[in-house]
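Q: Quick one: this structure, given as structure tokens, is what I'll be asking you about.
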Amino acid sequence: MTTTTRDAATHAVVSHGADFFGEDRHTVKDLVSLAPYVSNAFSWADRGKVAPLLQILENPSAQAIPAPTAEEFAAQLLKASRTRGMKARWSALARALADAAARAAADGEPWDWRIEAGADA
């Protein structure tokens, strides 16, 4: 049996996602790649407000993001997903994260992230 690159990738699994189990799975590589797009969606003056979200995207780790913070992140990710000129792939990823964060905030629950290493080749 061969292992594909996708199988070997490390993933971040976030709660309140859209699948049957209420989770979404994203490669860490994609989350790190999304960070500059999110950063560019905000003016220089607003970079301080978006810095905590960027830190999480640039260095994904297992954590529980409190509901009020998840609500802020949802708004920031939604804004980024609607940025004119953003490629569809990154817009969809930002929107999926925004939706999951918004569901966590609406439920008054932490938005949980966990990291799963891919299978060894």
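Naming works like this for the structure tokens: A, B, ... for the chains as they're shown, residue 1 at the start of each chain, ligands 1 onward in shown order.
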Write out as a ChimeraX atom specification the set of residues from segment 43-95 of chain A that DSSP, computed on the backbone, places in alpha helix (DSSP H).
A: /A:47-58,67-81,88-95
Q: Write the selection just made, keeping C-alpha atoms, as a PDB file, in the first residue's frame?
A:
```pdb
ATOM      1  CA  ARG A  47      -3.127  44.508  11.830  1.00  0.00           C
ATOM      2  CA  GLY A  48      -2.907  44.635  15.624  1.00  0.00           C
ATOM      3  CA  LYS A  49      -6.511  43.459  15.925  1.00  0.00           C
ATOM      4  CA  VAL A  50      -5.965  40.513  13.599  1.00  0.00           C
ATOM      5  CA  ALA A  51      -2.550  39.540  15.058  1.00  0.00           C
ATOM      6  CA  PRO A  52      -3.925  36.843  17.434  1.00  0.00           C
ATOM      7  CA  LEU A  53      -5.709  35.111  14.539  1.00  0.00           C
ATOM      8  CA  LEU A  54      -2.597  35.319  12.366  1.00  0.00           C
ATOM      9  CA  GLN A  55      -0.519  33.788  15.138  1.00  0.00           C
ATOM     10  CA  ILE A  56      -2.868  30.794  15.287  1.00  0.00           C
ATOM     11  CA  LEU A  57      -2.842  30.366  11.507  1.00  0.00           C
ATOM     12  CA  GLU A  58       0.940  30.686  11.273  1.00  0.00           C
ATOM     13  CA  ALA A  67     -16.269  31.589  22.564  1.00  0.00           C
ATOM     14  CA  PRO A  68     -15.831  35.412  22.636  1.00  0.00           C
ATOM     15  CA  THR A  69     -12.483  35.108  20.843  1.00  0.00           C
ATOM     16  CA  ALA A  70     -13.982  32.625  18.370  1.00  0.00           C
ATOM     17  CA  GLU A  71     -16.656  35.216  17.600  1.00  0.00           C
ATOM     18  CA  GLU A  72     -13.983  37.827  16.813  1.00  0.00           C
ATOM     19  CA  PHE A  73     -12.048  35.352  14.674  1.00  0.00           C
ATOM     20  CA  ALA A  74     -15.238  34.415  12.803  1.00  0.00           C
ATOM     21  CA  ALA A  75     -15.822  38.050  11.842  1.00  0.00           C
ATOM     22  CA  GLN A  76     -12.198  38.506  10.782  1.00  0.00           C
ATOM     23  CA  LEU A  77     -12.146  35.298   8.737  1.00  0.00           C
ATOM     24  CA  LEU A  78     -15.459  36.180   7.099  1.00  0.00           C
ATOM     25  CA  LYS A  79     -14.098  39.585   6.120  1.00  0.00           C
ATOM     26  CA  ALA A  80     -10.978  37.964   4.708  1.00  0.00           C
ATOM     27  CA  SER A  81     -13.030  35.413   2.762  1.00  0.00           C
ATOM     28  CA  ALA A  88     -11.347  30.837  -4.472  1.00  0.00           C
ATOM     29  CA  ARG A  89      -9.313  28.169  -2.664  1.00  0.00           C
ATOM     30  CA  TRP A  90      -8.211  30.533   0.097  1.00  0.00           C
ATOM     31  CA  SER A  91     -11.577  32.245   0.281  1.00  0.00           C
ATOM     32  CA  ALA A  92     -13.287  28.876   0.803  1.00  0.00           C
ATOM     33  CA  LEU A  93     -10.828  27.907   3.534  1.00  0.00           C
ATOM     34  CA  ALA A  94     -11.288  31.221   5.342  1.00  0.00           C
ATOM     35  CA  ARG A  95     -15.074  30.849   5.044  1.00  0.00           C
TER      36      ARG A  95
END
```
Q: I want to know what sits within 7 Å of segment 14-26 of chain A, based on only C-alpha atoms, with residues of the same chain fewer than 6 positions away left out; could you give that as an mmCIF file with N, CA and C atoms, in the first residue's frame?
A:
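File written: result-v2.cif
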```
data_model
loop_
_atom_site.group_PDB
_atom_site.id
_atom_site.type_symbol
_atom_site.label_atom_id
_atom_site.label_comp_id
_atom_site.auth_asym_id
_atom_site.auth_seq_id
_atom_site.Cartn_x
_atom_site.Cartn_y
_atom_site.Cartn_z
ATOM 1 N N ALA A 100 -17.110 27.648 11.245
ATOM 2 C CA ALA A 100 -16.884 26.807 12.423
ATOM 3 C C ALA A 100 -16.714 27.671 13.673
ATOM 4 N N ARG A 103 -20.103 29.040 14.707
ATOM 5 C CA ARG A 103 -20.945 28.038 15.369
ATOM 6 C C ARG A 103 -20.508 27.829 16.810
ATOM 7 N N ALA A 104 -19.203 27.788 17.045
ATOM 8 C CA ALA A 104 -18.702 27.633 18.418
ATOM 9 C C ALA A 104 -19.144 28.815 19.275
ATOM 10 N N TRP A 111 -13.871 26.920 20.775
ATOM 11 C CA TRP A 111 -13.580 26.400 19.437
ATOM 12 C C TRP A 111 -12.291 25.598 19.584
ATOM 13 N N ASP A 112 -12.413 24.283 19.576
ATOM 14 C CA ASP A 112 -11.279 23.396 19.854
ATOM 15 C C ASP A 112 -10.511 23.061 18.580
ATOM 16 N N TRP A 113 -9.187 23.100 18.712
ATOM 17 C CA TRP A 113 -8.283 22.691 17.637
ATOM 18 C C TRP A 113 -7.434 21.551 18.179
ATOM 19 N N ARG A 114 -7.206 20.546 17.357
ATOM 20 C CA ARG A 114 -6.228 19.500 17.687
ATOM 21 C C ARG A 114 -5.415 19.210 16.433
#
```
Q: Please identify the strand (DSSP E) residues within chain A (assignment by DSSP from backbone atoms) and present them as a ChimeraX atom specification.
A: /A:11-15,23-27,63-65,111-116
Q: Would you pick out the contacts of His11 of chain A at 6 Å or less, using only C-alpha atoms, so that residues sharing its chain but fewer than 6 positions from it are not included, and give the list as a CSV table (one decimal) with N, CA and C atoms, in the first residue's frame?
A:
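Everything below was put into result.csv:
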```
chain,number,residue,atom,x,y,z
A,26,HIS,N,-8.2,20.4,8.1
A,26,HIS,CA,-7.4,21.2,7.2
A,26,HIS,C,-6.0,20.9,7.4
A,27,THR,N,-5.2,20.9,6.3
A,27,THR,CA,-3.8,20.6,6.4
A,27,THR,C,-3.1,21.8,7.1
A,28,VAL,N,-2.2,21.6,7.9
A,28,VAL,CA,-1.4,22.7,8.6
A,28,VAL,C,-0.8,23.5,7.5
A,115,ILE,N,-4.2,18.7,16.6
A,115,ILE,CA,-3.3,18.5,15.5
A,115,ILE,C,-3.1,16.9,15.4
A,116,GLU,N,-3.3,16.4,14.2
A,116,GLU,CA,-3.1,15.0,14.0
A,116,GLU,C,-2.0,14.8,12.9
```
Q: Work out how far atom CA of Ala45 of chain A is from atom CA of Pro66 of chain A, in Å to one decimal.
A: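 Computed distance, atom CA of Pro66 of chain A to atom CA of Ala45 of chain A, equals 24.8 Å.
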Q: So, with only C-alpha atoms as the atoms that count, which of A:Pro36, A:Ala12, A:Ala117, A:Glu109 lies closest to Ala64 of chain A?
A: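 Closest to Ala64 of chain A of all the choices is A:Glu109.
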Q: Grab the atom CA of Lys29 of chain A to atom CA of Ala41 of chain A distance for me, in Å with one decimal place.
A: 19.6 Å
Q: Take atom CA of Ser43 of chain A and atom CA of Pro110 of chain A and report the distance between them in Å, one decimal.
A: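 These atoms are spaced 28.0 Å apart.
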